[in-house]
Amino acid sequence: MRRNRGGPISAEPRINDRIRVPEVRLVGPSGEQVGIVPLAKALELAQEYDLDLVEVAATARPPVCKLMDYGKFKYESAMKAREARKNQAHTVIKEMKLRPKIDPHDYDTKKGHVVRFLKQGDKVKITIMFRGREQSRPELGYRLLQRLAEDVQDLGFVESNPKQDGRNMIMVLGPHKKKTEAMAEARQAQAARKAERQQGEPRS
């Protein structure tokens, strides 16, 4: 009975004694091209430098190997991946509810929230809630949504046109600015405010 020797393919590159080819194209510790050398010579150089011989392009002919501190390389790669995940921004969908016969002050307040959400790089779902006889006047909700979209057009665009959903009418606004850009701008503004406060503090 034959055993299935196939296991999961390792994503780790081959290093040192695990490299099984007669010769390699060698790259030095500082990225300099050493050229094509026998594997034994490459391993000898790795020992001299107290570094690892790491296969960085296995499909090349001959494979490309680099002299490096593999433990340090793995650690730095893991830190970069962690930092990239931390900086990844998830777009959030905020929700704002309005009534078709909204008074001007209330409208301005709600619009202010929508403006803030769009500036932060978030999408906003606008819901118009119809009650009683208002349901027979969908054009009131449609006009209100159009007005709001026009009022914030510098910051956002209509991603999903107004549509009736039972007693409600829904529209989705998308931000012109990406979430990552909004976060970067917010950090810059925070740093600027902090610098201003420090300049304004009396020196002892």
# chains A, B, ... in the order shown; residues from 1 in each chain; ligands from 1

call {"tool": "residues_around", "arguments": {"residues": "A:Met68", "least_positions_apart": "6", "cutoff": "12 Å", "atoms": "only C-alpha atoms", "output": "list in words"}}
result
Ile15, Asn16, Leu26, Val27, Gly28, Pro29, Ser30, Gly31, Ala42, Leu43, Leu45, Ala46, Gln47, Glu48, Tyr49, Asp50, Leu51, Asp52, Leu53, Val54, Glu55, Val56 and Lys74 of chain A

call {"tool": "residues_around", "arguments": {"residues": "A:Lys97", "least_positions_apart": "4", "cutoff": "6 Å", "atoms": "only C-alpha atoms", "output": "number ranges by chain"}}
result
A: 126-128

call {"tool": "residues_around", "arguments": {"residues": "A:Arg137", "least_positions_apart": "6", "cutoff": "12 Å", "atoms": "only C-alpha atoms", "output": "JSON, numbers by chain"}}
result
{"A": [100, 101, 128, 129, 130, 131, 143, 144, 164, 167, 168, 169]}

call {"tool": "atom_distance", "arguments": {"atom1": "atom CA of A:Gly141", "atom2": "atom CA of A:Val124"}}
result
16.3 Å

call {"tool": "closest_residue", "arguments": {"among": "A:Glu181, A:Glu23, A:Glu196, A:Glu150", "to": "A:Val115", "atoms": "only C-alpha atoms"}}
result
A:Glu150

call {"tool": "select_by_dssp", "arguments": {"residues": "stretch 66-196 of chain A", "states": "strand (DSSP E)", "output": "MDAnalysis selection string"}}
result
chainID A and resid 66:68 93:98 123:129 156:165 168:175

call {"tool": "closest_residue", "arguments": {"among": "A:Leu140, A:Ala191, A:Ala184, A:Met96", "to": "A:Val172", "atoms": "only C-alpha atoms"}}
result
A:Met96

call {"tool": "select_by_dssp", "arguments": {"residues": "stretch 48-143 of chain A", "states": "helix (DSSP H, G or I)", "output": "PyMOL selection string"}}
result
chain A and resi 48-49+70-87+104-119+132-136+138-143

call {"tool": "atom_distance", "arguments": {"atom1": "atom CA of A:Glu83", "atom2": "atom CA of A:Pro13"}}
result
22.4 Å

call {"tool": "decode", "arguments": {"residues": "stretch 75-115 of chain A", "atoms": "N, CA and C atoms", "output": "short mmCIF file (atom, residue, chain, number, x, y, z; two decimals), in the first residue's frame"}}
result
data_model
loop_
_atom_site.label_atom_id
_atom_site.label_comp_id
_atom_site.auth_asym_id
_atom_site.auth_seq_id
_atom_site.Cartn_x
_atom_site.Cartn_y
_atom_site.Cartn_z
N TYR A 75 11.16 38.24 11.90
CA TYR A 75 10.60 39.12 12.93
C TYR A 75 10.15 40.44 12.32
N GLU A 76 11.01 41.02 11.47
CA GLU A 76 10.67 42.31 10.83
C GLU A 76 9.46 42.17 9.90
N SER A 77 9.39 41.04 9.18
CA SER A 77 8.25 40.79 8.28
C SER A 77 6.95 40.69 9.07
N ALA A 78 7.01 40.01 10.22
CA ALA A 78 5.82 39.85 11.07
C ALA A 78 5.38 41.20 11.62
N MET A 79 6.35 42.06 12.00
CA MET A 79 6.02 43.38 12.53
C MET A 79 5.38 44.26 11.45
N LYS A 80 5.92 44.17 10.21
CA LYS A 80 5.35 44.96 9.09
C LYS A 80 3.92 44.52 8.80
N ALA A 81 3.70 43.20 8.80
CA ALA A 81 2.35 42.68 8.54
C ALA A 81 1.38 43.13 9.62
N ARG A 82 1.86 43.14 10.87
CA ARG A 82 1.01 43.58 11.99
C ARG A 82 0.66 45.06 11.85
N GLU A 83 1.66 45.86 11.47
CA GLU A 83 1.44 47.30 11.29
C GLU A 83 0.46 47.57 10.16
N ALA A 84 0.60 46.78 9.07
CA ALA A 84 -0.30 46.95 7.91
C ALA A 84 -1.74 46.62 8.31
N ARG A 85 -1.91 45.56 9.13
CA ARG A 85 -3.26 45.21 9.58
C ARG A 85 -3.84 46.30 10.46
N LYS A 86 -2.97 46.90 11.30
CA LYS A 86 -3.43 47.95 12.23
C LYS A 86 -3.90 49.18 11.45
N ASN A 87 -3.19 49.46 10.33
CA ASN A 87 -3.52 50.65 9.54
C ASN A 87 -4.65 50.42 8.55
N GLN A 88 -5.08 49.16 8.44
CA GLN A 88 -6.19 48.89 7.53
C GLN A 88 -7.45 49.54 8.07
N ALA A 89 -8.15 50.22 7.21
CA ALA A 89 -9.34 50.94 7.67
C ALA A 89 -10.59 50.22 7.17
N HIS A 90 -11.52 50.03 8.05
CA HIS A 90 -12.77 49.40 7.67
C HIS A 90 -13.83 50.49 7.53
N THR A 91 -14.42 50.56 6.34
CA THR A 91 -15.47 51.55 6.12
C THR A 91 -16.71 51.14 6.92
N VAL A 92 -17.20 52.07 7.69
CA VAL A 92 -18.38 51.81 8.53
C VAL A 92 -19.59 52.46 7.87
N ILE A 93 -20.74 51.80 7.96
CA ILE A 93 -21.97 52.41 7.44
C ILE A 93 -22.72 53.01 8.63
N LYS A 94 -22.79 54.33 8.65
CA LYS A 94 -23.55 55.03 9.70
C LYS A 94 -24.99 55.16 9.22
N GLU A 95 -25.89 55.38 10.16
CA GLU A 95 -27.29 55.54 9.76
C GLU A 95 -27.86 56.83 10.33
N MET A 96 -28.63 57.53 9.51
CA MET A 96 -29.29 58.75 9.94
C MET A 96 -30.76 58.65 9.54
N LYS A 97 -31.65 58.89 10.51
CA LYS A 97 -33.09 58.78 10.24
C LYS A 97 -33.73 60.16 10.24
N LEU A 98 -34.56 60.41 9.25
CA LEU A 98 -35.25 61.71 9.13
C LEU A 98 -36.74 61.46 8.91
N ARG A 99 -37.53 62.47 9.25
CA ARG A 99 -38.96 62.45 8.92
C ARG A 99 -39.19 63.33 7.70
N PRO A 100 -40.16 63.01 6.84
CA PRO A 100 -40.38 63.81 5.62
C PRO A 100 -40.68 65.28 5.91
N LYS A 101 -41.41 65.56 7.01
CA LYS A 101 -41.73 66.96 7.35
C LYS A 101 -40.83 67.42 8.49
N ILE A 102 -39.55 67.41 8.25
CA ILE A 102 -38.57 67.77 9.28
C ILE A 102 -38.46 69.29 9.38
N ASP A 103 -38.29 69.83 10.61
CA ASP A 103 -38.17 71.28 10.73
C ASP A 103 -36.73 71.70 10.40
N PRO A 104 -36.52 72.96 9.98
CA PRO A 104 -35.21 73.40 9.50
C PRO A 104 -34.07 73.18 10.49
N HIS A 105 -34.32 73.46 11.78
CA HIS A 105 -33.26 73.30 12.77
C HIS A 105 -32.82 71.84 12.89
N ASP A 106 -33.83 70.95 12.93
CA ASP A 106 -33.55 69.52 13.05
C ASP A 106 -32.81 69.02 11.80
N TYR A 107 -33.21 69.56 10.65
CA TYR A 107 -32.54 69.17 9.40
C TYR A 107 -31.06 69.56 9.44
N ASP A 108 -30.79 70.80 9.89
CA ASP A 108 -29.39 71.27 9.96
C ASP A 108 -28.56 70.41 10.91
N THR A 109 -29.18 70.00 12.03
CA THR A 109 -28.47 69.15 13.00
C THR A 109 -28.12 67.81 12.38
N LYS A 110 -29.13 67.20 11.72
CA LYS A 110 -28.91 65.88 11.09
C LYS A 110 -27.90 66.00 9.96
N LYS A 111 -27.98 67.06 9.19
CA LYS A 111 -27.04 67.26 8.08
C LYS A 111 -25.62 67.38 8.63
N GLY A 112 -25.49 68.06 9.79
CA GLY A 112 -24.17 68.20 10.43
C GLY A 112 -23.56 66.84 10.76
N HIS A 113 -24.40 65.90 11.22
CA HIS A 113 -23.91 64.55 11.53
C HIS A 113 -23.46 63.85 10.24
N VAL A 114 -24.26 64.00 9.18
CA VAL A 114 -23.92 63.37 7.90
C VAL A 114 -22.58 63.91 7.39
N VAL A 115 -22.40 65.22 7.50
CA VAL A 115 -21.14 65.87 7.08
C VAL A 115 -19.98 65.27 7.86
#
